[in-house]
Structures are given as structure tokens and as C-alpha cells.
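Novice: Contents of my_file_31.txt (compact mmCIF, C-alpha atoms) are below:
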# COMPACT_ATOMS: atom_id res chain seq x y z
CA MET A 1 44.02 -8.89 -117.33
CA TYR A 2 43.09 -6.69 -120.26
CA PHE A 3 41.47 -7.19 -123.63
CA TYR A 4 39.46 -5.31 -126.20
CA ASN A 5 36.66 -7.04 -128.01
CA SER A 6 34.41 -6.01 -130.87
CA LEU A 7 31.48 -7.12 -128.74
CA LEU A 8 32.26 -4.39 -126.24
CA LEU A 9 29.71 -1.80 -127.32
CA ILE A 10 29.13 -0.09 -124.00
CA SER A 11 31.74 0.03 -121.29
CA ASN A 12 29.17 0.23 -118.52
CA ILE A 13 27.80 -3.14 -119.48
CA LEU A 14 30.14 -5.10 -117.27
CA LEU A 15 29.10 -8.70 -117.59
CA LEU A 16 27.75 -10.81 -120.40
CA ILE A 17 25.66 -13.82 -119.52
CA VAL A 18 25.11 -16.25 -122.35
CA HIS A 19 23.24 -19.45 -122.95
CA THR A 20 24.62 -21.99 -125.39
CA GLN A 21 21.32 -23.35 -126.72
CA SER A 22 17.88 -22.09 -127.68
CA GLN A 23 16.24 -20.62 -124.60
CA ASP A 24 12.77 -20.72 -123.07
CA PRO A 25 11.11 -17.44 -124.10
CA ASN A 26 10.03 -16.98 -120.49
CA GLY A 27 13.63 -17.03 -119.25
CA ILE A 28 16.72 -14.85 -119.68
CA GLY A 29 17.04 -15.26 -123.44
CA ILE A 30 20.16 -16.05 -125.41
CA SER A 31 22.20 -13.40 -123.59
CA ALA A 32 21.94 -10.86 -120.78
CA CYS A 33 24.06 -7.86 -119.81
CA GLY A 34 24.97 -6.57 -116.38
CA PHE A 35 24.29 -2.84 -116.43
CA TYR A 36 25.79 -0.11 -114.28
CA GLY A 37 24.76 3.39 -115.26
CA ALA A 38 26.49 5.64 -112.71
CA ARG A 39 29.29 6.84 -114.96
CA ALA A 40 28.48 10.52 -114.36
CA GLU A 41 28.79 10.10 -110.60
CA ASP A 42 31.92 7.97 -110.72
CA CYS A 43 33.83 9.58 -113.58
CA GLY A 44 32.21 12.90 -114.43
CA LEU A 45 31.24 11.47 -117.83
CA SER A 46 27.78 11.16 -119.32
CA ASP A 47 25.74 8.21 -118.10
CA VAL A 48 25.12 5.39 -120.56
CA PRO A 49 21.35 5.10 -121.10
CA ILE A 50 19.69 1.72 -121.06
CA THR A 51 18.54 2.35 -124.64
CA LYS A 52 22.18 1.91 -125.70
CA ALA A 53 22.26 -1.70 -124.53
CA PRO A 54 22.98 -4.08 -127.43
CA ALA A 55 19.87 -5.59 -129.02
CA THR A 56 21.33 -9.06 -128.43
CA CYS A 57 21.12 -8.49 -124.67
CA LEU A 58 17.56 -9.69 -124.20
CA SER A 59 17.76 -9.23 -120.43
CA ILE A 60 19.44 -6.80 -118.05
CA PHE A 61 21.03 -7.88 -114.77
CA PHE A 62 21.18 -5.26 -112.03
CA ASP A 63 23.63 -5.73 -109.17
CA GLY A 64 21.96 -5.76 -106.71
CA VAL A 65 20.29 -5.65 -103.27
CA ASN A 66 20.65 -7.51 -99.99
CA VAL A 67 18.08 -8.61 -97.44
CA ASP A 68 18.89 -8.70 -93.73
CA LEU A 69 17.55 -10.93 -90.97
CA ARG A 70 14.82 -8.38 -90.23
CA TYR A 71 13.74 -8.73 -93.87
CA HIS A 72 14.70 -5.20 -94.80
CA ILE A 73 15.81 -4.99 -98.43
CA GLY A 74 18.33 -2.42 -99.56
CA LEU A 75 21.69 -1.74 -101.11
CA PRO A 76 24.77 -3.53 -99.76
CA CYS A 77 26.09 -0.17 -98.53
CA MET A 78 23.69 2.68 -97.78
CA CYS A 79 26.52 5.21 -97.80
CA ARG A 80 26.15 8.30 -99.96
CA PRO A 81 27.99 7.07 -103.11
CA ASN A 82 25.43 4.28 -103.46
CA LEU A 83 22.25 6.15 -102.61
CA ASN A 84 21.42 6.82 -106.26
CA GLN A 85 21.72 3.22 -107.39
CA LEU A 86 18.02 2.51 -106.88
CA VAL A 87 17.32 5.61 -108.96
CA TYR A 88 19.28 3.95 -111.79
CA LEU A 89 17.30 0.78 -111.26
CA ASP A 90 14.04 2.69 -111.65
CA LYS A 91 15.34 4.35 -114.82
CA ILE A 92 16.18 0.94 -116.25
CA LEU A 93 12.75 -0.40 -115.35
CA LYS A 94 10.99 2.53 -117.00
CA MET A 95 13.03 2.32 -120.21
CA LYS A 96 13.63 -1.44 -120.51
CA GLY A 97 11.22 -1.91 -123.41
CA SER A 98 11.02 -5.59 -124.31
CA LYS A 99 14.06 -6.52 -122.22
CA ARG A 100 13.60 -8.37 -118.96
CA VAL A 101 15.24 -7.03 -115.81
CA PHE A 102 16.75 -9.39 -113.25
CA LEU A 103 17.87 -8.27 -109.81
CA LEU A 104 20.73 -9.93 -107.92
CA TYR A 105 19.26 -10.61 -104.50
CA GLY A 106 20.33 -12.40 -101.36
CA HIS A 107 21.44 -12.38 -97.76
CA THR A 108 24.88 -10.86 -97.23
CA THR A 109 26.64 -14.09 -96.20
CA ILE A 110 26.02 -17.81 -96.20
CA GLN A 111 25.89 -17.56 -92.41
CA GLU A 112 22.86 -15.25 -92.67
CA TRP A 113 21.29 -17.57 -95.23
CA THR A 114 21.63 -20.56 -92.89
CA ALA A 115 20.27 -18.55 -89.94
CA MET A 116 17.24 -17.52 -91.97
CA LEU A 117 16.62 -20.94 -93.51
CA ALA A 118 17.23 -22.74 -90.18
CA CYS A 119 14.27 -25.16 -90.11
CA GLU A 120 12.11 -23.91 -92.96
CA SER A 121 11.35 -27.39 -94.22
CA CYS A 122 9.90 -28.39 -90.84
CA ASN A 123 8.01 -25.22 -89.87
CA GLY A 124 6.08 -24.47 -93.04
CA GLY A 125 8.47 -21.79 -94.27
CA THR A 126 7.72 -19.29 -91.50
CA ASN A 127 10.84 -17.17 -92.06
CA SER A 128 10.40 -17.35 -95.82
CA LEU A 129 6.84 -16.05 -95.57
CA ASP A 130 8.03 -13.11 -93.49
CA GLU A 131 10.80 -12.35 -95.97
CA MET A 132 8.32 -12.38 -98.85
CA LYS A 133 6.43 -9.53 -97.16
CA GLY A 134 9.56 -7.39 -97.30
CA LEU A 135 10.23 -8.49 -100.88
CA LYS A 136 6.69 -7.59 -101.94
CA ALA A 137 7.11 -4.09 -100.52
CA PHE A 138 10.35 -3.69 -102.49
CA LEU A 139 8.86 -5.03 -105.72
CA ASP A 140 5.85 -2.72 -105.32
CA GLU A 141 8.23 0.25 -104.94
CA HIS A 142 10.19 -0.79 -108.05
CA PRO A 143 7.65 -2.26 -110.49
CA GLY A 144 8.85 -4.10 -113.56
CA ILE A 145 11.40 -6.53 -112.08
CA ASP A 146 10.99 -9.80 -113.96
CA GLY A 147 13.22 -12.08 -111.94
CA LEU A 148 15.71 -12.58 -109.14
CA VAL A 149 19.15 -14.19 -109.09
CA LEU A 150 19.90 -15.48 -105.60
CA THR A 151 23.44 -14.76 -104.41
CA ASN A 152 25.84 -15.81 -101.61
CA LEU A 153 24.52 -19.36 -101.37
CA GLU A 154 27.96 -20.95 -101.42
CA PHE A 155 29.87 -22.05 -98.34
CA ASN A 156 32.95 -20.10 -97.29
CA GLU A 157 35.93 -20.79 -95.03
CA ASP A 158 33.85 -20.03 -91.91
CA SER A 159 30.99 -22.38 -92.81
CA PHE A 160 29.91 -25.43 -90.87
CA GLU A 161 27.86 -28.30 -92.22
CA PHE A 162 24.19 -27.35 -92.53
CA PRO A 163 22.14 -30.57 -92.49
CA GLY A 164 19.01 -30.19 -94.59
CA TYR A 165 20.34 -27.18 -96.51
CA SER A 166 18.86 -28.42 -99.78
CA GLU A 167 15.44 -29.19 -98.30
CA ASN A 168 15.27 -25.86 -96.46
CA LEU A 169 16.28 -23.89 -99.54
CA LYS A 170 13.68 -25.77 -101.56
CA THR A 171 10.99 -24.68 -99.10
CA TYR A 172 12.22 -21.08 -99.41
CA LEU A 173 12.02 -21.27 -103.19
CA GLU A 174 8.58 -22.84 -103.05
CA VAL A 175 7.32 -20.02 -100.84
CA MET A 176 8.85 -17.45 -103.19
CA LYS A 177 7.26 -19.08 -106.25
CA LYS A 178 3.86 -19.27 -104.58
CA SER A 179 4.11 -15.65 -103.42
CA PHE A 180 5.27 -14.36 -106.84
CA PRO A 181 4.19 -16.87 -109.50
CA ASP A 182 5.38 -14.68 -112.38
CA LEU A 183 8.87 -14.14 -110.96
CA ILE A 184 11.70 -15.98 -112.75
CA VAL A 185 14.20 -17.23 -110.15
CA GLY A 186 17.76 -18.40 -110.66
CA LEU A 187 20.90 -19.09 -108.63
CA ASP A 188 24.25 -17.32 -108.97
CA LEU A 189 27.13 -19.82 -108.73
CA SER A 190 30.90 -19.52 -108.98
CA GLY A 191 32.64 -21.89 -111.36
CA ARG A 192 35.68 -21.89 -109.08
CA PHE A 193 33.56 -22.88 -106.06
CA LEU A 194 31.84 -25.64 -108.02
CA ILE A 195 35.19 -27.12 -109.07
CA ASP A 196 36.37 -27.08 -105.45
CA GLN A 197 33.12 -28.48 -104.10
CA PHE A 198 32.82 -31.36 -106.54
CA THR A 199 36.54 -32.18 -106.65
CA ASN A 200 37.54 -32.04 -102.97
CA PRO A 201 34.54 -31.04 -100.81
CA LYS A 202 35.19 -30.05 -97.21
CA ILE A 203 31.54 -30.36 -96.16
CA PRO A 204 28.34 -31.32 -98.02
CA TRP A 205 26.64 -28.51 -99.94
CA LEU A 206 23.49 -28.26 -102.04
CA ASP A 207 21.90 -31.22 -103.75
CA ILE A 208 20.86 -29.63 -107.04
CA THR A 209 18.40 -32.43 -107.75
CA VAL A 210 16.40 -31.39 -104.66
CA ILE A 211 16.01 -27.73 -105.62
CA ASP A 212 15.97 -27.98 -109.41
CA SER A 213 12.18 -28.32 -109.76
CA VAL A 214 11.76 -24.83 -108.26
CA THR A 215 14.80 -23.21 -109.92
CA ASP A 216 14.40 -21.68 -113.38
CA PHE A 217 18.08 -21.23 -114.29
CA TYR A 218 21.66 -21.21 -113.03
CA VAL A 219 24.26 -18.51 -113.73
CA VAL A 220 27.75 -20.03 -113.58
CA SER A 221 30.48 -17.39 -113.35
CA VAL A 222 33.91 -17.78 -114.91
CA VAL A 223 34.79 -14.14 -114.15
CA PHE A 224 37.23 -15.12 -111.39
CA LEU A 225 38.03 -18.68 -112.39
CA ASN A 226 41.74 -17.89 -111.98
CA GLU A 227 43.80 -14.95 -110.81
CA CYS A 228 45.42 -12.90 -113.56
CA THR A 229 49.03 -14.11 -113.80
CA GLY A 230 51.67 -14.28 -116.50
CA ASN A 231 50.20 -17.56 -117.74
CA ASP A 232 46.76 -15.99 -118.01
CA PHE A 233 47.99 -13.20 -120.28
CA ARG A 234 48.48 -15.93 -122.87
CA ASN A 235 45.60 -18.26 -122.05
CA GLY A 236 43.03 -16.06 -120.29
CA ILE A 237 41.72 -16.46 -116.76
CA ALA A 238 39.31 -19.15 -117.94
CA PRO A 239 41.47 -21.49 -120.07
CA MET A 240 39.89 -24.45 -121.79
CA THR A 241 42.62 -26.69 -120.42
CA ALA A 242 45.93 -26.02 -118.65
CA SER A 243 48.67 -27.85 -116.78
CA TYR A 244 49.26 -25.07 -114.24
CA THR A 245 45.72 -24.87 -112.79
CA ASN A 246 42.80 -27.11 -111.95
CA TYR A 247 40.35 -24.29 -112.74
CA THR A 248 39.67 -24.86 -116.42
CA LEU A 249 36.56 -24.94 -118.60
CA ASP A 250 37.08 -28.64 -119.29
CA LYS A 251 37.13 -29.33 -115.56
CA LEU A 252 34.07 -27.12 -115.04
CA LYS A 253 32.21 -29.03 -117.76
CA ASP A 254 32.83 -32.31 -115.92
CA VAL A 255 31.82 -30.76 -112.59
CA LEU A 256 28.54 -29.38 -113.95
CA LYS A 257 27.60 -32.90 -115.04
CA GLN A 258 28.60 -34.27 -111.64
CA ALA A 259 26.49 -31.61 -109.92
CA CYS A 260 23.47 -32.65 -112.02
CA ILE A 261 22.79 -29.07 -113.16
CA PRO A 262 20.57 -29.40 -116.24
CA LYS A 263 22.40 -28.27 -119.36
CA GLU A 264 19.37 -26.41 -120.71
CA LYS A 265 19.25 -24.21 -117.60
CA ILE A 266 22.92 -23.17 -117.52
CA HIS A 267 24.09 -19.66 -118.42
CA PHE A 268 27.74 -18.56 -118.26
CA LYS A 269 28.85 -15.19 -116.94
CA PHE A 270 32.05 -13.47 -118.05
CA LYS A 271 33.45 -9.96 -118.39
CA ILE A 272 33.57 -8.15 -121.71
CA ASN A 273 35.07 -4.86 -120.52
CA PRO A 274 38.78 -4.14 -120.02
CA THR A 275 39.96 -3.76 -116.44
CA SER A 276 43.53 -2.66 -117.14
CA ASP A 277 45.99 -1.74 -119.87
CA PRO A 278 49.29 -3.43 -120.80
CA ASN A 279 51.24 -1.34 -118.28
CA ASP A 280 48.51 -1.46 -115.63
CA SER A 281 48.64 2.33 -115.51
CA LEU A 282 45.06 3.30 -116.35
CA MET A 283 42.28 3.66 -113.84
CA TYR A 284 38.64 2.58 -114.24
CA CYS A 285 37.50 5.94 -115.61
CA ASP A 286 40.40 6.07 -118.06
CA LEU A 287 39.21 2.81 -119.56
CA THR A 288 35.58 3.87 -119.80
CA MET A 289 34.51 4.12 -123.41
CA GLU A 290 31.25 3.74 -125.28
CA LYS A 291 32.43 1.86 -128.34
CA THR A 292 35.45 0.02 -129.66
Taking this structure as input, can you express it in the form of C-alpha cells?

Specialist:
Amino acid sequence: MYFYNSLLLISNILLLIVHTQSQDPNGIGISACGFYGARAEDCGLSDVPITKAPATCLSIFFDGVNVDLRYHIGLPCMCRPNLNQLVYLDKILKMKGSKRVFLLYGHTTIQEWTAMLACESCNGGTNSLDEMKGLKAFLDEHPGIDGLVLTNLEFNEDSFEFPGYSENLKTYLEVMKKSFPDLIVGLDLSGRFLIDQFTNPKIPWLDITVIDSVTDFYVVSVVFLNECTGNDFRNGIAPMTASYTNYTLDKLKDVLKQACIPKEKIHFKFKINPTSDPNDSLMYCDLTMEKT
């Protein structure tokens, strides 16, 4: 799917996260941008500095780091092409100005999440306390991170029912909030998953009402709501309504109500950069541009 938009000011700002109402000044703000600054390394072009981020992006989302079951925090792949990503994070933190910086953070899979959470609600959050020690070391090494967006919390095809998932995750969030009272914490959720889960659930998932009191916001992604097909060239991959797919914005609106996710805490995530051209002949670096 391709498109060019006057809002696309910097190609290395990959995702736009917007809120539809006035926002708590201690939160994300009216909009946030996902920032990836490694253009020089990937394409041999000059890196886009954080100072070029649009003024309307009140927060910056950085993707991201994982934590393992030994509570070591690092990049998803520690291979050489990714080694400099934490350098970019530090550059962003030093030059962020008034913008807040949020870090995508989580265990690699839902299976690791369930192994770590296990019985947190009945053992006083023992594993969570240990994880917070690793998180503190990371935050001390990279000062200036304002918040975390927890990832990979959704069930996948290999998941089994996890009784007490909501209560155990609540304990985890409570421990995190107590350990870092100034940290703003949200959850990263897929609109496609939410539609599946609240239309035809295979197994029970999170009860949002249980965890909401310790969750500051929710990021609902429509980036991959549908695959890019011939229909989507006309209607987009996130159509308002459509007869050929159940994954529509109207359906998502109904599901968000059903899930009891508070409207004032919802932010939507979507792409604003082109990923192809009409003939699908251009590569990522060919499409990289600073302004349109």
C-alpha cells in the first residue's frame, strides 16, 4: 500500500499516534511520532535529527527493547546492524527538549510474559520486583525516558488459557508504578487482535477493568488492520466500513466499547510514510525523503 501525505514531514518518523480529545498534560499529548534515526547506516543518507520532528509530535516513541526471563534488558537482536540503536536512543534523550520519550518494552512473547507473571498476584510480585531491578539499571544508563509502552501482551496461536492473567498483570503494573512513580505506562494493542478477541474469542484474555486503574493509556494500532489487497488500494487497509472484511474502524469502535477501554485513554497508531510505489518497484531507501 502506498500513499503520500502532506503530514509526512520526515520519512524516518514511521508511526503517528494520535488522541482524539484533549489530553492529560502528564500523558502522551495530542500526538506522538515513532522515530528511527539510522538512515545513514541503512541507506548511506544523512540521519534525520530529532530536532526535525514536527512540533505537533509532543512525544517520541522509540522501538524498542525486550526483557528476558533473567531480567536482562536489551535490543531484540544484538547483532551488529542493531548495536547502534541505543546510541540513537541516547541522542534522542539528550536532544528531546520539551518532548516526552516513550520506550516500547516487553517480553519477547506472550509465553515469556505468562512464565514471568505466573503467580505474581499470590506471591507479592516477586518476579516483578526482580525485573524492576533490571529496569532501574537500564533507566539509569539511559536517563530521560518518560514512559513505557508494554508490548506482546496478546495471545497468539500457541497460547493456552492463563487463569488470573488480569490479576497477575495488575500486580506487575502496581510493582512498576511503585518502583517508578513518575513513569507513564501504557499498553500496546492490535486493533485486529481486539476485533478477533471480542468477536470470536478462543480463550479468555485480559479484563481491562481489572488493570485500568494502573494503566495510563492504551495505544491501539490500525497499522495492520488488513492486508494490502486490490480492495485496499481504494479503501485503505483500515476502512471505516466494508463488506469484504470484518476488520473495519466501525467494528473496532464497537469492540473498544465492549472491551471497556476508557475513551479518554485511547490513542490510535497508524503509518504516515509510504512503503511502496504504484509498481512496487522501489525499495525502502528509494522511498526515504525528508519532506513532501

Novice: For atom CA of Thr241 of chain A and atom CA of Arg192 of chain A, quote the distance in Å rounded to one decimal.

Specialist: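 Atom CA of Arg192 of chain A lies at a distance of 14.1 Å from atom CA of Thr241 of chain A.
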
Novice: In file coordinates, which residues lie within 10 Å of (13.2, 0.8, -113.2) using all atoms listed in the file, given as a list of chain:residue names?

Specialist: A:Leu86, A:Val87, A:Tyr88, A:Leu89, A:Asp90, A:Lys91, A:Ile92, A:Leu93, A:Lys94, A:Met95, A:Lys96, A:Val101, A:Glu141, A:His142, A:Pro143, A:Gly144, A:Ile145

Novice: Applying 12 Å and all atoms listed in the file, which residues near Val149 of chain A remain after dropping the ones on its own chain fewer than 2 positions away? List them as a ChimeraX atom specification.

Specialist: /A:27-28,60-66,101-107,145-147,151-153,173,183-189,215-220,267

Novice: Determine the nearest neighbour of Ile261 of chain A from the options A:Val210, A:Ile203, A:Ile237, A:Ala40, counting only C-alpha atoms.

Specialist: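 Smallest distance to Ile261 of chain A is found for A:Val210.
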
Novice: May I ask which of the residues A:Thr51, A:Thr56, A:Thr209, A:Gln85 is the closest one to Ser31 of chain A, counting only C-alpha atoms?

Specialist: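 So, comparing all the options, the nearest one is A:Thr56.
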
Novice: To one decimal place, how far is atom CA of Ala259 of chain A from atom CA of Leu194 of chain A in Å?

Specialist: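 So the two atoms, atom CA of Ala259 of chain A and atom CA of Leu194 of chain A, lie 8.2 Å apart.
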
Novice: Looking at only C-alpha atoms, which of A:Phe198, A:Lys177, A:Thr171, A:Gly34 is the one that sits closest to Asp254 of chain A?

Specialist: A:Phe198

Novice: What is the atom CA of Ala238 of chain A-atom CA of Lys269 of chain A distance in Å, reported with one decimal?

Specialist: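 The value is 11.2 Å.
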